>>> print(open('data_9.pdb').read())   # PDB, C-alpha atoms
ATOM      1  CA  MET A   1     229.697  99.781 -36.572  1.00  0.00           C
ATOM      2  CA  HIS A   2     229.146 101.871 -39.638  1.00  0.00           C
ATOM      3  CA  ILE A   3     231.122 105.100 -40.294  1.00  0.00           C
ATOM      4  CA  SER A   4     229.509 107.592 -42.596  1.00  0.00           C
ATOM      5  CA  THR A   5     231.191 108.831 -45.751  1.00  0.00           C
ATOM      6  CA  ASN A   6     231.191 112.383 -44.352  1.00  0.00           C
ATOM      7  CA  GLN A   7     233.014 111.226 -41.227  1.00  0.00           C
ATOM      8  CA  LYS A   8     235.633 109.397 -43.348  1.00  0.00           C
ATOM      9  CA  ASN A   9     236.150 112.524 -45.493  1.00  0.00           C
ATOM     10  CA  ASN A  10     236.485 114.735 -42.419  1.00  0.00           C
ATOM     11  CA  ASP A  11     238.965 112.325 -40.825  1.00  0.00           C
ATOM     12  CA  MET A  12     241.010 112.239 -44.045  1.00  0.00           C
ATOM     13  CA  LYS A  13     240.988 116.049 -44.285  1.00  0.00           C
ATOM     14  CA  THR A  14     242.127 116.328 -40.671  1.00  0.00           C
ATOM     15  CA  LEU A  15     244.859 113.760 -41.240  1.00  0.00           C
ATOM     16  CA  LYS A  16     246.040 115.580 -44.389  1.00  0.00           C
ATOM     17  CA  LEU A  17     246.064 118.911 -42.543  1.00  0.00           C
ATOM     18  CA  ILE A  18     248.121 117.475 -39.684  1.00  0.00           C
ATOM     19  CA  PHE A  19     250.534 115.840 -42.129  1.00  0.00           C
ATOM     20  CA  SER A  20     250.886 119.131 -44.059  1.00  0.00           C
ATOM     21  CA  ILE A  21     251.656 121.093 -40.884  1.00  0.00           C
ATOM     22  CA  VAL A  22     254.253 118.527 -39.790  1.00  0.00           C
ATOM     23  CA  ALA A  23     255.843 118.510 -43.262  1.00  0.00           C
ATOM     24  CA  LEU A  24     255.993 122.315 -43.472  1.00  0.00           C
ATOM     25  CA  SER A  25     257.505 122.519 -40.014  1.00  0.00           C
ATOM     26  CA  ALA A  26     260.170 119.968 -40.923  1.00  0.00           C
ATOM     27  CA  ILE A  27     260.978 121.723 -44.207  1.00  0.00           C
ATOM     28  CA  SER A  28     261.375 125.114 -42.516  1.00  0.00           C
ATOM     29  CA  GLN A  29     263.693 123.612 -39.879  1.00  0.00           C
ATOM     30  CA  VAL A  30     265.806 121.883 -42.523  1.00  0.00           C
ATOM     31  CA  SER A  31     266.111 124.992 -44.704  1.00  0.00           C
ATOM     32  CA  PHE A  32     267.278 127.056 -41.704  1.00  0.00           C
ATOM     33  CA  ALA A  33     269.784 124.384 -40.736  1.00  0.00           C
ATOM     34  CA  GLN A  34     271.072 124.213 -44.316  1.00  0.00           C
ATOM     35  CA  GLU A  35     272.256 127.824 -44.488  1.00  0.00           C
ATOM     36  CA  LYS A  36     275.553 127.314 -46.325  1.00  0.00           C
ATOM     37  CA  THR A  37     278.376 128.562 -44.161  1.00  0.00           C
ATOM     38  CA  VAL A  38     282.107 128.842 -44.706  1.00  0.00           C
ATOM     39  CA  THR A  39     284.396 128.459 -41.703  1.00  0.00           C
ATOM     40  CA  VAL A  40     286.852 131.318 -41.268  1.00  0.00           C
ATOM     41  CA  GLY A  41     289.053 131.670 -38.218  1.00  0.00           C
ATOM     42  CA  GLY A  42     287.332 128.709 -36.586  1.00  0.00           C
ATOM     43  CA  ALA A  43     283.850 130.244 -36.829  1.00  0.00           C
ATOM     44  CA  PRO A  44     281.018 129.679 -39.295  1.00  0.00           C
ATOM     45  CA  MET A  45     280.264 132.697 -41.474  1.00  0.00           C
ATOM     46  CA  TYR A  46     276.513 132.971 -42.047  1.00  0.00           C
ATOM     47  CA  PRO A  47     275.218 134.411 -45.342  1.00  0.00           C
ATOM     48  CA  SER A  48     272.274 135.873 -43.396  1.00  0.00           C
ATOM     49  CA  LYS A  49     274.630 138.055 -41.301  1.00  0.00           C
ATOM     50  CA  ASN A  50     276.459 141.163 -42.471  1.00  0.00           C
ATOM     51  CA  ILE A  51     280.210 141.610 -42.904  1.00  0.00           C
ATOM     52  CA  ILE A  52     280.788 142.963 -39.393  1.00  0.00           C
ATOM     53  CA  GLU A  53     278.498 140.449 -37.648  1.00  0.00           C
ATOM     54  CA  ASN A  54     280.534 137.618 -39.184  1.00  0.00           C
ATOM     55  CA  ALA A  55     284.031 139.157 -39.005  1.00  0.00           C
ATOM     56  CA  VAL A  56     283.859 139.693 -35.234  1.00  0.00           C
ATOM     57  CA  ASN A  57     283.617 135.906 -34.788  1.00  0.00           C
ATOM     58  CA  SER A  58     286.712 135.036 -36.843  1.00  0.00           C
ATOM     59  CA  LYS A  59     289.794 134.410 -34.699  1.00  0.00           C
ATOM     60  CA  ASP A  60     291.893 135.120 -37.818  1.00  0.00           C
ATOM     61  CA  HIS A  61     290.536 138.665 -38.218  1.00  0.00           C
ATOM     62  CA  THR A  62     290.811 140.261 -34.771  1.00  0.00           C
ATOM     63  CA  THR A  63     293.358 142.817 -36.018  1.00  0.00           C
ATOM     64  CA  LEU A  64     291.166 143.732 -38.985  1.00  0.00           C
ATOM     65  CA  VAL A  65     288.099 144.130 -36.753  1.00  0.00           C
ATOM     66  CA  ALA A  66     290.058 146.335 -34.318  1.00  0.00           C
ATOM     67  CA  ALA A  67     291.286 148.442 -37.250  1.00  0.00           C
ATOM     68  CA  VAL A  68     287.765 148.764 -38.699  1.00  0.00           C
ATOM     69  CA  LYS A  69     286.527 149.946 -35.284  1.00  0.00           C
ATOM     70  CA  ALA A  70     289.417 152.430 -34.936  1.00  0.00           C
ATOM     71  CA  ALA A  71     288.681 153.814 -38.417  1.00  0.00           C
ATOM     72  CA  GLY A  72     284.982 154.221 -37.629  1.00  0.00           C
ATOM     73  CA  LEU A  73     283.928 151.900 -40.470  1.00  0.00           C
ATOM     74  CA  VAL A  74     281.697 149.522 -38.476  1.00  0.00           C
ATOM     75  CA  GLU A  75     278.479 151.313 -39.448  1.00  0.00           C
ATOM     76  CA  THR A  76     279.490 151.506 -43.118  1.00  0.00           C
ATOM     77  CA  LEU A  77     280.381 147.804 -43.384  1.00  0.00           C
ATOM     78  CA  SER A  78     277.212 146.875 -41.492  1.00  0.00           C
ATOM     79  CA  GLY A  79     275.168 148.820 -44.063  1.00  0.00           C
ATOM     80  CA  ALA A  80     273.263 147.551 -47.065  1.00  0.00           C
ATOM     81  CA  GLY A  81     276.202 147.522 -49.467  1.00  0.00           C
ATOM     82  CA  PRO A  82     276.771 145.364 -51.323  1.00  0.00           C
ATOM     83  CA  PHE A  83     280.516 145.264 -50.768  1.00  0.00           C
ATOM     84  CA  THR A  84     283.341 142.991 -51.821  1.00  0.00           C
ATOM     85  CA  VAL A  85     285.918 142.913 -49.023  1.00  0.00           C
ATOM     86  CA  PHE A  86     289.400 141.499 -49.429  1.00  0.00           C
ATOM     87  CA  ALA A  87     290.007 140.719 -45.752  1.00  0.00           C
ATOM     88  CA  PRO A  88     293.606 140.405 -44.533  1.00  0.00           C
ATOM     89  CA  THR A  89     294.197 137.906 -41.737  1.00  0.00           C
ATOM     90  CA  ASN A  90     296.063 138.594 -38.497  1.00  0.00           C
ATOM     91  CA  LYS A  91     299.105 136.898 -40.098  1.00  0.00           C
ATOM     92  CA  ALA A  92     298.826 139.361 -43.009  1.00  0.00           C
ATOM     93  CA  PHE A  93     298.972 142.289 -40.580  1.00  0.00           C
ATOM     94  CA  ASP A  94     301.908 140.593 -38.800  1.00  0.00           C
ATOM     95  CA  LYS A  95     303.899 140.852 -42.064  1.00  0.00           C
ATOM     96  CA  LEU A  96     303.857 144.665 -41.765  1.00  0.00           C
ATOM     97  CA  PRO A  97     306.891 146.332 -40.175  1.00  0.00           C
ATOM     98  CA  LYS A  98     306.850 146.136 -36.367  1.00  0.00           C
ATOM     99  CA  GLY A  99     304.717 148.856 -34.788  1.00  0.00           C
ATOM    100  CA  THR A 100     302.767 149.678 -37.991  1.00  0.00           C
ATOM    101  CA  VAL A 101     299.380 148.459 -36.767  1.00  0.00           C
ATOM    102  CA  GLU A 102     299.811 150.092 -33.345  1.00  0.00           C
ATOM    103  CA  THR A 103     300.640 153.391 -35.054  1.00  0.00           C
ATOM    104  CA  LEU A 104     297.783 153.175 -37.564  1.00  0.00           C
ATOM    105  CA  VAL A 105     295.062 152.594 -34.946  1.00  0.00           C
ATOM    106  CA  LYS A 106     295.962 155.802 -33.075  1.00  0.00           C
ATOM    107  CA  PRO A 107     293.267 158.501 -33.438  1.00  0.00           C
ATOM    108  CA  GLU A 108     295.668 160.895 -35.178  1.00  0.00           C
ATOM    109  CA  ASN A 109     296.195 158.325 -37.970  1.00  0.00           C
ATOM    110  CA  LYS A 110     292.497 157.596 -38.584  1.00  0.00           C
ATOM    111  CA  GLU A 111     292.556 159.104 -42.100  1.00  0.00           C
ATOM    112  CA  THR A 112     295.507 156.935 -43.197  1.00  0.00           C
ATOM    113  CA  LEU A 113     293.986 153.833 -41.625  1.00  0.00           C
ATOM    114  CA  THR A 114     290.642 154.511 -43.313  1.00  0.00           C
ATOM    115  CA  LYS A 115     292.368 154.876 -46.695  1.00  0.00           C
ATOM    116  CA  ILE A 116     294.202 151.557 -46.241  1.00  0.00           C
ATOM    117  CA  LEU A 117     291.084 149.692 -45.110  1.00  0.00           C
ATOM    118  CA  THR A 118     288.799 151.090 -47.818  1.00  0.00           C
ATOM    119  CA  TYR A 119     291.502 150.142 -50.337  1.00  0.00           C
ATOM    120  CA  HIS A 120     290.466 146.550 -49.525  1.00  0.00           C
ATOM    121  CA  VAL A 121     286.798 147.211 -50.403  1.00  0.00           C
ATOM    122  CA  VAL A 122     285.169 147.219 -53.843  1.00  0.00           C
ATOM    123  CA  ALA A 123     281.621 148.547 -54.264  1.00  0.00           C
ATOM    124  CA  GLY A 124     279.240 145.800 -55.398  1.00  0.00           C
ATOM    125  CA  LYS A 125     279.355 142.059 -54.918  1.00  0.00           C
ATOM    126  CA  MET A 126     282.092 140.270 -56.875  1.00  0.00           C
ATOM    127  CA  GLY A 127     282.185 136.558 -56.254  1.00  0.00           C
ATOM    128  CA  ALA A 128     285.273 134.572 -57.218  1.00  0.00           C
ATOM    129  CA  ALA A 129     283.688 133.618 -60.557  1.00  0.00           C
ATOM    130  CA  ASP A 130     283.073 137.325 -61.287  1.00  0.00           C
ATOM    131  CA  VAL A 131     286.697 138.203 -60.491  1.00  0.00           C
ATOM    132  CA  VAL A 132     288.024 135.327 -62.621  1.00  0.00           C
ATOM    133  CA  LYS A 133     285.736 136.337 -65.511  1.00  0.00           C
ATOM    134  CA  ALA A 134     286.954 139.951 -65.262  1.00  0.00           C
ATOM    135  CA  ILE A 135     290.560 138.685 -65.378  1.00  0.00           C
ATOM    136  CA  LYS A 136     289.828 136.569 -68.473  1.00  0.00           C
ATOM    137  CA  ASP A 137     287.896 139.404 -70.133  1.00  0.00           C
ATOM    138  CA  GLY A 138     290.858 141.704 -69.428  1.00  0.00           C
ATOM    139  CA  GLY A 139     293.350 139.423 -71.146  1.00  0.00           C
ATOM    140  CA  GLY A 140     294.855 138.131 -67.903  1.00  0.00           C
ATOM    141  CA  LYS A 141     294.385 141.169 -65.667  1.00  0.00           C
ATOM    142  CA  ALA A 142     291.426 143.035 -64.222  1.00  0.00           C
ATOM    143  CA  THR A 143     291.415 146.474 -62.652  1.00  0.00           C
ATOM    144  CA  LEU A 144     289.222 146.727 -59.566  1.00  0.00           C
ATOM    145  CA  ASN A 145     288.209 150.184 -58.373  1.00  0.00           C
ATOM    146  CA  THR A 146     288.305 150.404 -54.603  1.00  0.00           C
ATOM    147  CA  VAL A 147     286.139 152.483 -52.289  1.00  0.00           C
ATOM    148  CA  SER A 148     289.241 154.497 -51.333  1.00  0.00           C
ATOM    149  CA  GLY A 149     289.555 155.710 -54.941  1.00  0.00           C
ATOM    150  CA  GLY A 150     292.525 153.524 -55.764  1.00  0.00           C
ATOM    151  CA  THR A 151     292.795 150.450 -57.957  1.00  0.00           C
ATOM    152  CA  LEU A 152     293.812 146.847 -57.432  1.00  0.00           C
ATOM    153  CA  THR A 153     295.002 144.616 -60.251  1.00  0.00           C
ATOM    154  CA  ALA A 154     293.629 141.078 -60.137  1.00  0.00           C
ATOM    155  CA  MET A 155     295.360 138.228 -61.960  1.00  0.00           C
ATOM    156  CA  MET A 156     295.626 134.467 -61.855  1.00  0.00           C
ATOM    157  CA  LYS A 157     298.641 132.587 -60.508  1.00  0.00           C
ATOM    158  CA  GLY A 158     297.857 128.958 -61.202  1.00  0.00           C
ATOM    159  CA  LYS A 159     294.375 128.462 -59.790  1.00  0.00           C
ATOM    160  CA  ASN A 160     294.696 131.319 -57.286  1.00  0.00           C
ATOM    161  CA  VAL A 161     293.492 134.888 -57.613  1.00  0.00           C
ATOM    162  CA  VAL A 162     296.307 137.285 -56.789  1.00  0.00           C
ATOM    163  CA  LEU A 163     295.835 141.005 -56.170  1.00  0.00           C
ATOM    164  CA  MET A 164     298.535 143.589 -56.835  1.00  0.00           C
ATOM    165  CA  ASP A 165     298.407 146.912 -55.028  1.00  0.00           C
ATOM    166  CA  ALA A 166     299.565 150.372 -56.139  1.00  0.00           C
ATOM    167  CA  LYS A 167     303.029 149.761 -54.694  1.00  0.00           C
ATOM    168  CA  GLY A 168     303.500 146.452 -56.548  1.00  0.00           C
ATOM    169  CA  GLY A 169     302.857 144.276 -53.485  1.00  0.00           C
ATOM    170  CA  THR A 170     300.811 141.130 -53.985  1.00  0.00           C
ATOM    171  CA  SER A 171     298.281 139.224 -51.922  1.00  0.00           C
ATOM    172  CA  THR A 172     296.692 135.839 -52.613  1.00  0.00           C
ATOM    173  CA  VAL A 173     293.053 134.992 -51.987  1.00  0.00           C
ATOM    174  CA  THR A 174     293.172 132.050 -49.561  1.00  0.00           C
ATOM    175  CA  ILE A 175     289.422 131.632 -48.929  1.00  0.00           C
ATOM    176  CA  ALA A 176     286.987 132.858 -51.578  1.00  0.00           C
ATOM    177  CA  ASP A 177     283.244 133.471 -51.605  1.00  0.00           C
ATOM    178  CA  VAL A 178     282.438 133.960 -47.940  1.00  0.00           C
ATOM    179  CA  ASN A 179     278.951 135.278 -48.654  1.00  0.00           C
ATOM    180  CA  GLN A 180     277.356 137.884 -46.406  1.00  0.00           C
ATOM    181  CA  SER A 181     273.940 139.529 -46.342  1.00  0.00           C
ATOM    182  CA  ASN A 182     275.570 142.731 -47.628  1.00  0.00           C
ATOM    183  CA  GLY A 183     278.241 141.372 -49.944  1.00  0.00           C
ATOM    184  CA  VAL A 184     281.102 138.896 -49.997  1.00  0.00           C
ATOM    185  CA  ILE A 185     284.450 138.476 -48.255  1.00  0.00           C
ATOM    186  CA  HIS A 186     287.553 136.987 -49.845  1.00  0.00           C
ATOM    187  CA  VAL A 187     290.253 136.234 -47.255  1.00  0.00           C
ATOM    188  CA  ILE A 188     293.749 137.369 -48.301  1.00  0.00           C
ATOM    189  CA  ASP A 189     297.237 136.681 -46.946  1.00  0.00           C
ATOM    190  CA  THR A 190     298.860 140.127 -47.229  1.00  0.00           C
ATOM    191  CA  VAL A 191     297.742 143.690 -46.455  1.00  0.00           C
ATOM    192  CA  LEU A 192     297.412 145.752 -49.641  1.00  0.00           C
ATOM    193  CA  MET A 193     298.806 149.294 -49.703  1.00  0.00           C
ATOM    194  CA  PRO A 194     297.359 152.203 -51.693  1.00  0.00           C
TER     195      PRO A 194
END
>>> encode(input="data_9.pdb", output="structure tokens")
Amino acid sequence: MHISTNQKNNDMKTLKLIFSIVALSAISQVSFAQEKTVTVGGAPMYPSKNIIENAVNSKDHTTLVAAVKAAGLVETLSGAGPFTVFAPTNKAFDKLPKGTVETLVKPENKETLTKILTYHVVAGKMGAADVVKAIKDGGGKATLNTVSGGTLTAMMKGKNVVLMDAKGGTSTVTIADVNQSNGVIHVIDTVLMP
């Protein structure tokens, strides 16, 4: 049996096309599966999701999420941003005097709560390397302007970034560079006060 050259070329083209489709399909599946996540509060934080979409899944940030909802900041932190959020854990909120959180989430204290929460947000995306560079460029300290209008002072303590608030309280970044579609979260161990 004799196969023509045209038939061989057509068979090869078909085989190449099938191989290309299979390869592209595999590559697209792998790239989706390789979205680099960071686990926070037992849940993966996806860079393709926004700050709120990720935070609601963290078991370590239920108090923060409840406070953000009470302050009416869900829409803002779901927006385009970009934002840098220094996110206190539930344990950070537990360090506050007894009854503080319960008082702050009451409707009549919305303005105070909003000021405290937005004190943890810096406009723009500042990854850990950006914060460390700002500290070095500032001779050991960097002033970060918060969305609330206040300032945080960032400094290094060993290999850790430490933030100092307006009252002299400090908080350490425990998990850095949790990238979001609209910014970045750095988990901190103490609530900062304006």
>>> closest_atom_pairs(input="data_9.pdb", of="region 175-194 of chain A", to="region 89-103 of chain A", cutoff="6 Å", atoms="only C-alpha atoms", output="Markdown table")
| residue | atom | partner | partner_atom | distance |
| --- | --- | --- | --- | --- |
| A:Asp189 | CA | A:Ala92 | CA | 5.0 |
| A:Thr190 | CA | A:Ala92 | CA | 4.3 |
| A:Val191 | CA | A:Ala92 | CA | 5.6 |
>>> closest_residue(input="data_9.pdb", among="A:Asn182, A:Ser78, A:Thr62, A:Asn160", to="Ala129 (chain A)", atoms="only C-alpha atoms")
A:Asn160
>>> resolve_selection(input="data_9.pdb", expression="the PyMOL selection byres ((chain A and resi 147) around 10)", output="PyMOL selection string")
chain A and resi 83-84+115+117-123+144-146+148-151
>>> write_last_selection(input="data_9.pdb", atoms="C-alpha atoms", output="compact mmCIF listing (two decimals), keeping the file's coordinate frame")
# COMPACT_ATOMS: atom_id res chain seq x y z
CA PHE A 83 280.52 145.26 -50.77
CA THR A 84 283.34 142.99 -51.82
CA LYS A 115 292.37 154.88 -46.70
CA LEU A 117 291.08 149.69 -45.11
CA THR A 118 288.80 151.09 -47.82
CA TYR A 119 291.50 150.14 -50.34
CA HIS A 120 290.47 146.55 -49.52
CA VAL A 121 286.80 147.21 -50.40
CA VAL A 122 285.17 147.22 -53.84
CA ALA A 123 281.62 148.55 -54.26
CA LEU A 144 289.22 146.73 -59.57
CA ASN A 145 288.21 150.18 -58.37
CA THR A 146 288.30 150.40 -54.60
CA SER A 148 289.24 154.50 -51.33
CA GLY A 149 289.56 155.71 -54.94
CA GLY A 150 292.52 153.52 -55.76
CA THR A 151 292.80 150.45 -57.96
>>> resolve_selection(input="data_9.pdb", expression="the PyMOL selection byres ((chain A and resi 177) around 6)", output="MDAnalysis selection string")
chainID A and resid 127 176 178:179 186
>>> residues_around(input="data_9.pdb", residues="Val38 (chain A)", least_positions_apart="3", cutoff="12 Å", atoms="only C-alpha atoms", output="list in words")
Gln34, Glu35, Gly41, Gly42, Ala43, Pro44, Met45, Tyr46, Pro47, Asn54, Ala55, Ser58, Ile175, Ala176, Asp177, Val178, Asn179, Gln180, Val184, Ile185, His186 and Val187 of chain A
>>> closest_residue(input="data_9.pdb", among="A:Leu163, A:Met126, A:Val65, A:Ile116", to="Met193 (chain A)", atoms="only C-alpha atoms")
A:Ile116
>>> residues_near_point(input="data_9.pdb", point="(299.0, 138.6, -53.7)", cutoff="10 Å", atoms="only C-alpha atoms", output="JSON, numbers by chain")
{"A": [153, 154, 155, 156, 157, 160, 161, 162, 163, 164, 165, 168, 169, 170, 171, 172, 173, 174, 188, 189, 190, 191, 192]}
>>> decode(input="data_9.pdb", residues="region 163-178 of chain A", atoms="N, CA, C and O atoms", output="compact mmCIF listing (two decimals), in the first residue's frame")
# COMPACT_ATOMS: atom_id res chain seq x y z
N LEU A 163 6.13 47.73 63.66
CA LEU A 163 5.43 49.00 63.46
C LEU A 163 5.18 49.63 64.81
O LEU A 163 4.80 48.95 65.76
N MET A 164 5.38 50.96 64.89
CA MET A 164 5.06 51.69 66.11
C MET A 164 3.94 52.66 65.79
O MET A 164 3.98 53.37 64.79
N ASP A 165 2.92 52.66 66.66
CA ASP A 165 1.77 53.53 66.44
C ASP A 165 1.97 54.88 67.12
O ASP A 165 3.00 55.14 67.76
N ALA A 166 0.97 55.75 67.00
CA ALA A 166 1.05 57.11 67.53
C ALA A 166 1.15 57.15 69.05
O ALA A 166 1.64 58.11 69.62
N LYS A 167 0.72 56.08 69.70
CA LYS A 167 0.76 56.02 71.17
C LYS A 167 2.01 55.32 71.69
O LYS A 167 2.17 55.14 72.89
N GLY A 168 2.90 54.90 70.77
CA GLY A 168 4.14 54.24 71.17
C GLY A 168 4.02 52.73 71.25
O GLY A 168 5.00 52.05 71.56
N GLY A 169 2.83 52.19 70.98
CA GLY A 169 2.65 50.74 70.97
C GLY A 169 3.31 50.13 69.75
O GLY A 169 3.45 50.79 68.72
N THR A 170 3.73 48.88 69.87
CA THR A 170 4.39 48.23 68.74
C THR A 170 3.68 46.94 68.34
O THR A 170 3.01 46.30 69.16
N SER A 171 3.84 46.59 67.08
CA SER A 171 3.27 45.38 66.52
C SER A 171 4.28 44.79 65.55
O SER A 171 4.92 45.52 64.79
N THR A 172 4.42 43.47 65.56
CA THR A 172 5.38 42.79 64.70
C THR A 172 4.65 42.13 63.53
O THR A 172 3.60 41.52 63.72
N VAL A 173 5.23 42.25 62.35
CA VAL A 173 4.70 41.54 61.19
C VAL A 173 5.07 40.07 61.35
O VAL A 173 6.25 39.73 61.45
N THR A 174 4.04 39.21 61.40
CA THR A 174 4.28 37.77 61.60
C THR A 174 4.20 36.98 60.29
O THR A 174 4.82 35.93 60.17
N ILE A 175 3.42 37.46 59.34
CA ILE A 175 3.34 36.87 58.00
C ILE A 175 3.35 38.04 57.02
O ILE A 175 2.46 38.88 57.06
N ALA A 176 4.35 38.08 56.15
CA ALA A 176 4.48 39.17 55.20
C ALA A 176 4.07 38.72 53.80
O ALA A 176 4.04 37.53 53.50
N ASP A 177 3.76 39.71 52.97
CA ASP A 177 3.54 39.49 51.54
C ASP A 177 2.44 38.50 51.20
O ASP A 177 2.64 37.56 50.42
N VAL A 178 1.27 38.70 51.78
CA VAL A 178 0.10 37.91 51.40
C VAL A 178 -0.56 38.72 50.28
O VAL A 178 -1.35 39.63 50.53
